[in-house]
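First comes the structure, then the notes that go with it.
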Amino acid sequence: MALLDILCFPDERLRIKAKPVKEITQAHQTLIDDMLETMYQAPGIGLAATQINIHEQILVIDVSEAKNTPYCFINPEIVSDSGKEIMEEGCLSVPDTYAEVERADAVIVRYLDRKGKEQQLEAEGLLAVCVQHEIDHLQGKLFVDYLSKLKRDRIRKKLEKQQRQK
Ligand code: NI
C-alpha cells in the first residue's frame, strides 16, 4: 500500500468533476486500499478520489471511533434527503480550517461497493454529513463554498501563505 498526496485548496484540480467508474479493475482495488490508508494516516474520516487528483467517482469513509468500519462508495448518488443539521466541518484539502455548514441530517445513498455490487445505505448524523461532503468533492465542490466570499478569501490567503512557506 502507499500513501497518496492530497491536493490542497485553492488547487484548481479540486474543481474537476469526477467521471463514473465503468468497470472496477484490480487497479481500482489498489487505489481504494491506498485511499483508505491515506485517510487513516492523515487522519481523516473521508477521502474522495478527486482529492488525490484521480477524477473518478470513488469515496472512502470511516466515521467509527475504532476506525474499523470502512465504507467504499463507487458512483454514489443521493436518492433522497431529509432534515437539516449544522455541523462543524473540516477537510483534508483545507488543512487547519473548520466551519459550520448546514446540510441534510439524513440521506439515502445508492452506490456500488468495491466488489461492484449495488448497495443502498440510509445514513444519518455524522455519516450523512460525511457522505454529502465527499460527494461534493466529486462534483468539484468544497465545504468552503458554503461560506461567505469574505471568509473563503480569508481561508484562501491563509493557505496560500502556508503553502509558500513549505
Ligand atoms: Ni473534504
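Naming works like this for the C-alpha cells: A, B, ... for the chains as they're shown, residue 1 at the start of each chain, ligands 1 onward in shown order.
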
Shell of 7 Å around stretch 98-109 of chain A, only C-alpha atoms, local chain residues under 3 positions omitted, as an mmCIF file with N, CA, C and O atoms, in the first residue's frame:
```cif
data_model
loop_
_atom_site.group_PDB
_atom_site.id
_atom_site.type_symbol
_atom_site.label_atom_id
_atom_site.label_comp_id
_atom_site.auth_asym_id
_atom_site.auth_seq_id
_atom_site.Cartn_x
_atom_site.Cartn_y
_atom_site.Cartn_z
ATOM 1 N N PRO A 76 -21.463 7.057 -6.276
ATOM 2 C CA PRO A 76 -22.527 7.296 -5.290
ATOM 3 C C PRO A 76 -23.507 8.363 -5.765
ATOM 4 O O PRO A 76 -23.122 9.303 -6.474
ATOM 5 N N GLU A 77 -24.738 8.190 -5.357
ATOM 6 C CA GLU A 77 -25.795 9.127 -5.730
ATOM 7 C C GLU A 77 -26.765 9.240 -4.556
ATOM 8 O O GLU A 77 -27.215 8.220 -4.022
ATOM 9 N N ILE A 78 -27.052 10.469 -4.156
ATOM 10 C CA ILE A 78 -28.031 10.661 -3.089
ATOM 11 C C ILE A 78 -29.420 10.604 -3.712
ATOM 12 O O ILE A 78 -29.727 11.390 -4.604
ATOM 13 N N VAL A 79 -30.229 9.661 -3.270
ATOM 14 C CA VAL A 79 -31.550 9.498 -3.879
ATOM 15 C C VAL A 79 -32.650 10.161 -3.053
ATOM 16 O O VAL A 79 -33.726 10.435 -3.575
ATOM 17 N N SER A 80 -32.378 10.424 -1.772
ATOM 18 C CA SER A 80 -33.324 11.248 -1.017
ATOM 19 C C SER A 80 -32.617 11.828 0.196
ATOM 20 O O SER A 80 -31.607 11.286 0.663
ATOM 21 N N ASP A 81 -33.124 12.948 0.683
ATOM 22 C CA ASP A 81 -32.558 13.527 1.898
ATOM 23 C C ASP A 81 -33.671 14.151 2.717
ATOM 24 O O ASP A 81 -34.741 14.431 2.194
ATOM 25 N N SER A 82 -33.395 14.303 4.005
ATOM 26 C CA SER A 82 -34.401 14.901 4.875
ATOM 27 C C SER A 82 -33.733 15.582 6.056
ATOM 28 O O SER A 82 -32.599 15.268 6.419
ATOM 29 N N GLY A 83 -34.451 16.534 6.629
ATOM 30 C CA GLY A 83 -33.974 17.216 7.819
ATOM 31 C C GLY A 83 -32.848 18.186 7.525
ATOM 32 O O GLY A 83 -32.354 18.277 6.400
ATOM 33 N N LYS A 84 -32.493 18.943 8.549
ATOM 34 C CA LYS A 84 -31.392 19.906 8.422
ATOM 35 C C LYS A 84 -30.518 19.758 9.648
ATOM 36 O O LYS A 84 -30.990 19.507 10.752
ATOM 37 N N GLU A 85 -29.221 19.931 9.428
ATOM 38 C CA GLU A 85 -28.294 19.833 10.542
ATOM 39 C C GLU A 85 -27.132 20.778 10.280
ATOM 40 O O GLU A 85 -26.658 20.872 9.153
ATOM 41 N N ILE A 86 -26.677 21.457 11.317
ATOM 42 C CA ILE A 86 -25.487 22.295 11.173
ATOM 43 C C ILE A 86 -24.364 21.620 11.946
ATOM 44 O O ILE A 86 -24.508 21.325 13.133
ATOM 45 N N MET A 87 -23.267 21.331 11.235
ATOM 46 C CA MET A 87 -22.149 20.665 11.883
ATOM 47 C C MET A 87 -20.862 21.397 11.522
ATOM 48 O O MET A 87 -20.758 21.981 10.444
ATOM 49 N N GLU A 88 -19.914 21.356 12.426
ATOM 50 C CA GLU A 88 -18.611 21.946 12.119
ATOM 51 C C GLU A 88 -17.829 20.957 11.252
ATOM 52 O O GLU A 88 -17.678 19.794 11.617
ATOM 53 N N GLU A 89 -17.368 21.426 10.082
ATOM 54 C CA GLU A 89 -16.671 20.542 9.156
ATOM 55 C C GLU A 89 -15.233 20.980 8.963
ATOM 56 O O GLU A 89 -14.894 22.155 9.089
ATOM 57 N N GLY A 90 -14.431 19.985 8.626
ATOM 58 C CA GLY A 90 -13.068 20.237 8.194
ATOM 59 C C GLY A 90 -12.844 19.407 6.948
ATOM 60 O O GLY A 90 -13.742 18.699 6.507
ATOM 61 N N GLN A 120 -27.527 0.199 -1.158
ATOM 62 C CA GLN A 120 -28.234 1.403 -0.748
ATOM 63 C C GLN A 120 -28.039 1.551 0.759
ATOM 64 O O GLN A 120 -28.192 0.591 1.502
ATOM 65 N N LEU A 121 -27.667 2.754 1.177
ATOM 66 C CA LEU A 121 -27.391 2.982 2.595
ATOM 67 C C LEU A 121 -28.232 4.147 3.096
ATOM 68 O O LEU A 121 -28.301 5.187 2.439
ATOM 69 N N GLU A 122 -28.864 3.945 4.246
ATOM 70 C CA GLU A 122 -29.553 5.052 4.917
ATOM 71 C C GLU A 122 -28.612 5.565 5.989
ATOM 72 O O GLU A 122 -28.260 4.839 6.912
ATOM 73 N N ALA A 123 -28.187 6.808 5.835
ATOM 74 C CA ALA A 123 -27.211 7.366 6.771
ATOM 75 C C ALA A 123 -27.818 8.569 7.470
ATOM 76 O O ALA A 123 -28.632 9.292 6.879
ATOM 77 N N GLU A 124 -27.418 8.770 8.727
ATOM 78 C CA GLU A 124 -27.838 9.992 9.405
ATOM 79 C C GLU A 124 -26.686 10.522 10.249
ATOM 80 O O GLU A 124 -25.677 9.849 10.430
ATOM 81 N N GLY A 125 -26.855 11.758 10.737
ATOM 82 C CA GLY A 125 -25.833 12.361 11.589
ATOM 83 C C GLY A 125 -24.502 12.492 10.868
ATOM 84 O O GLY A 125 -24.454 12.835 9.687
ATOM 85 N N ALA A 128 -24.050 10.818 7.466
ATOM 86 C CA ALA A 128 -24.797 11.511 6.404
ATOM 87 C C ALA A 128 -24.064 12.777 5.960
ATOM 88 O O ALA A 128 -23.962 13.072 4.766
ATOM 89 N N VAL A 129 -23.547 13.522 6.923
ATOM 90 C CA VAL A 129 -22.820 14.759 6.613
ATOM 91 C C VAL A 129 -21.553 14.425 5.820
ATOM 92 O O VAL A 129 -21.225 15.075 4.820
ATOM 93 N N TYR A 146 -19.630 26.921 0.835
ATOM 94 C CA TYR A 146 -20.868 27.250 1.553
ATOM 95 C C TYR A 146 -20.694 28.507 2.413
ATOM 96 O O TYR A 146 -21.665 29.023 2.946
#
```

Per residue of stretch 57-94 of chain A within 9 Å of stretch 17-25 of chain A, note the shortest atom pair and the distance in Å to one decimal, counting only C-alpha atoms, and order the rows by chain and increasing residue number, as JSON lines.
```
{"residue": "A:Gln57", "atom": "CA", "partner": "A:Pro20", "partner_atom": "CA", "distance": 5.1}
{"residue": "A:Ile58", "atom": "CA", "partner": "A:Val21", "partner_atom": "CA", "distance": 7.8}
{"residue": "A:Ile74", "atom": "CA", "partner": "A:Val21", "partner_atom": "CA", "distance": 7.0}
{"residue": "A:Asn75", "atom": "CA", "partner": "A:Pro20", "partner_atom": "CA", "distance": 5.5}
{"residue": "A:Pro76", "atom": "CA", "partner": "A:Pro20", "partner_atom": "CA", "distance": 8.9}
```

Open item on the list: Distance limit 9 Å, reference ligand 1, atoms considered: only C-alpha atoms and all ligand atoms. Which residues make the cut? Give them as a PyMOL selection string.
Closed with: chain A and resi 44+46-48+51+89-94+130+133-134+136-137+142-143

Open item on the list: as a PyMOL selection string, please: every residue in chain A that a backbone DSSP assignment puts in alpha helix (DSSP H).
Closed with: chain A and resi 26-41+125-138+149-165

Please produce an output containing N, CA and C atoms for each residue in the selection, written as a short mmCIF file (atom, residue, chain, number, x, y, z; two decimals), in the first residue's frame.
```
data_model
loop_
_atom_site.label_atom_id
_atom_site.label_comp_id
_atom_site.auth_asym_id
_atom_site.auth_seq_id
_atom_site.Cartn_x
_atom_site.Cartn_y
_atom_site.Cartn_z
N GLN A 26 -8.60 -4.28 -11.04
CA GLN A 26 -7.63 -4.53 -9.98
C GLN A 26 -6.93 -3.23 -9.58
N ALA A 27 -6.69 -2.36 -10.54
CA ALA A 27 -6.06 -1.07 -10.24
C ALA A 27 -6.95 -0.25 -9.29
N HIS A 28 -8.27 -0.37 -9.46
CA HIS A 28 -9.18 0.32 -8.54
C HIS A 28 -9.08 -0.25 -7.13
N GLN A 29 -8.92 -1.57 -7.03
CA GLN A 29 -8.80 -2.20 -5.69
C GLN A 29 -7.56 -1.64 -4.97
N THR A 30 -6.46 -1.55 -5.70
CA THR A 30 -5.23 -0.99 -5.12
C THR A 30 -5.45 0.46 -4.72
N LEU A 31 -6.12 1.21 -5.61
CA LEU A 31 -6.40 2.62 -5.34
C LEU A 31 -7.24 2.77 -4.06
N ILE A 32 -8.27 1.94 -3.92
CA ILE A 32 -9.15 2.03 -2.76
C ILE A 32 -8.36 1.72 -1.48
N ASP A 33 -7.51 0.69 -1.52
CA ASP A 33 -6.67 0.38 -0.35
C ASP A 33 -5.75 1.55 -0.01
N ASP A 34 -5.17 2.16 -1.04
CA ASP A 34 -4.27 3.30 -0.82
C ASP A 34 -5.04 4.51 -0.28
N MET A 35 -6.27 4.69 -0.78
CA MET A 35 -7.09 5.81 -0.28
C MET A 35 -7.44 5.60 1.19
N LEU A 36 -7.78 4.36 1.55
CA LEU A 36 -8.10 4.08 2.96
C LEU A 36 -6.88 4.33 3.84
N GLU A 37 -5.72 3.86 3.40
CA GLU A 37 -4.50 4.04 4.19
C GLU A 37 -4.19 5.53 4.35
N THR A 38 -4.34 6.26 3.26
CA THR A 38 -4.06 7.71 3.27
C THR A 38 -5.03 8.43 4.21
N MET A 39 -6.31 8.03 4.16
CA MET A 39 -7.33 8.65 5.03
C MET A 39 -7.02 8.38 6.50
N TYR A 40 -6.73 7.12 6.84
CA TYR A 40 -6.45 6.77 8.24
C TYR A 40 -5.20 7.47 8.75
N GLN A 41 -4.19 7.55 7.87
CA GLN A 41 -2.91 8.14 8.26
C GLN A 41 -3.04 9.65 8.51
N GLY A 125 -26.86 11.76 10.74
CA GLY A 125 -25.83 12.36 11.59
C GLY A 125 -24.50 12.49 10.87
N LEU A 126 -23.42 12.17 11.59
CA LEU A 126 -22.07 12.38 11.05
C LEU A 126 -21.85 11.64 9.73
N LEU A 127 -22.33 10.40 9.64
CA LEU A 127 -22.13 9.64 8.40
C LEU A 127 -22.84 10.33 7.23
N ALA A 128 -24.05 10.82 7.47
CA ALA A 128 -24.80 11.51 6.40
C ALA A 128 -24.06 12.78 5.96
N VAL A 129 -23.55 13.52 6.92
CA VAL A 129 -22.82 14.76 6.61
C VAL A 129 -21.55 14.43 5.82
N CYS A 130 -20.86 13.38 6.25
CA CYS A 130 -19.62 12.98 5.59
C CYS A 130 -19.90 12.54 4.15
N VAL A 131 -20.94 11.77 3.94
CA VAL A 131 -21.31 11.32 2.59
C VAL A 131 -21.57 12.54 1.70
N GLN A 132 -22.30 13.53 2.21
CA GLN A 132 -22.62 14.73 1.41
C GLN A 132 -21.36 15.54 1.11
N HIS A 133 -20.48 15.66 2.11
CA HIS A 133 -19.23 16.40 1.93
C HIS A 133 -18.36 15.73 0.85
N GLU A 134 -18.27 14.40 0.92
CA GLU A 134 -17.40 13.68 -0.02
C GLU A 134 -17.99 13.66 -1.43
N ILE A 135 -19.30 13.51 -1.54
CA ILE A 135 -19.93 13.54 -2.87
C ILE A 135 -19.74 14.92 -3.49
N ASP A 136 -19.79 15.97 -2.69
CA ASP A 136 -19.47 17.32 -3.17
C ASP A 136 -18.09 17.35 -3.85
N HIS A 137 -17.10 16.70 -3.22
CA HIS A 137 -15.75 16.69 -3.82
C HIS A 137 -15.79 16.16 -5.25
N LEU A 138 -16.58 15.11 -5.47
CA LEU A 138 -16.64 14.50 -6.81
C LEU A 138 -17.25 15.47 -7.82
N LYS A 149 -18.02 34.81 0.70
CA LYS A 149 -16.82 35.04 -0.11
C LYS A 149 -15.70 35.61 0.76
N LEU A 150 -16.09 36.46 1.69
CA LEU A 150 -15.11 37.08 2.59
C LEU A 150 -14.35 36.01 3.38
N LYS A 151 -15.11 35.07 3.97
CA LYS A 151 -14.47 34.02 4.76
C LYS A 151 -13.62 33.11 3.88
N ARG A 152 -14.16 32.80 2.68
CA ARG A 152 -13.44 31.89 1.77
C ARG A 152 -12.12 32.54 1.32
N ASP A 153 -12.16 33.84 1.02
CA ASP A 153 -10.94 34.53 0.60
C ASP A 153 -9.91 34.57 1.72
N ARG A 154 -10.41 34.71 2.95
CA ARG A 154 -9.51 34.74 4.10
C ARG A 154 -8.80 33.38 4.24
N ILE A 155 -9.57 32.30 4.08
CA ILE A 155 -9.01 30.94 4.16
C ILE A 155 -8.02 30.71 3.02
N ARG A 156 -8.40 31.18 1.82
CA ARG A 156 -7.51 31.03 0.66
C ARG A 156 -6.17 31.70 0.91
N LYS A 157 -6.21 32.92 1.42
CA LYS A 157 -4.97 33.66 1.67
C LYS A 157 -4.10 32.96 2.71
N LYS A 158 -4.76 32.47 3.76
CA LYS A 158 -4.03 31.78 4.83
C LYS A 158 -3.33 30.54 4.28
N LEU A 159 -4.05 29.75 3.46
CA LEU A 159 -3.48 28.50 2.95
C LEU A 159 -2.42 28.77 1.89
N GLU A 160 -2.61 29.81 1.07
CA GLU A 160 -1.59 30.15 0.06
C GLU A 160 -0.29 30.55 0.75
N LYS A 161 -0.43 31.27 1.85
CA LYS A 161 0.75 31.69 2.61
C LYS A 161 1.46 30.46 3.19
N GLN A 162 0.67 29.56 3.80
CA GLN A 162 1.23 28.32 4.36
C GLN A 162 1.97 27.52 3.29
N GLN A 163 1.35 27.43 2.08
CA GLN A 163 1.94 26.60 1.02
C GLN A 163 3.23 27.22 0.51
N ARG A 164 3.29 28.56 0.50
CA ARG A 164 4.54 29.24 0.08
C ARG A 164 5.67 28.95 1.06
N GLN A 165 5.31 28.79 2.32
CA GLN A 165 6.32 28.62 3.36
C GLN A 165 6.86 27.19 3.44
#
```
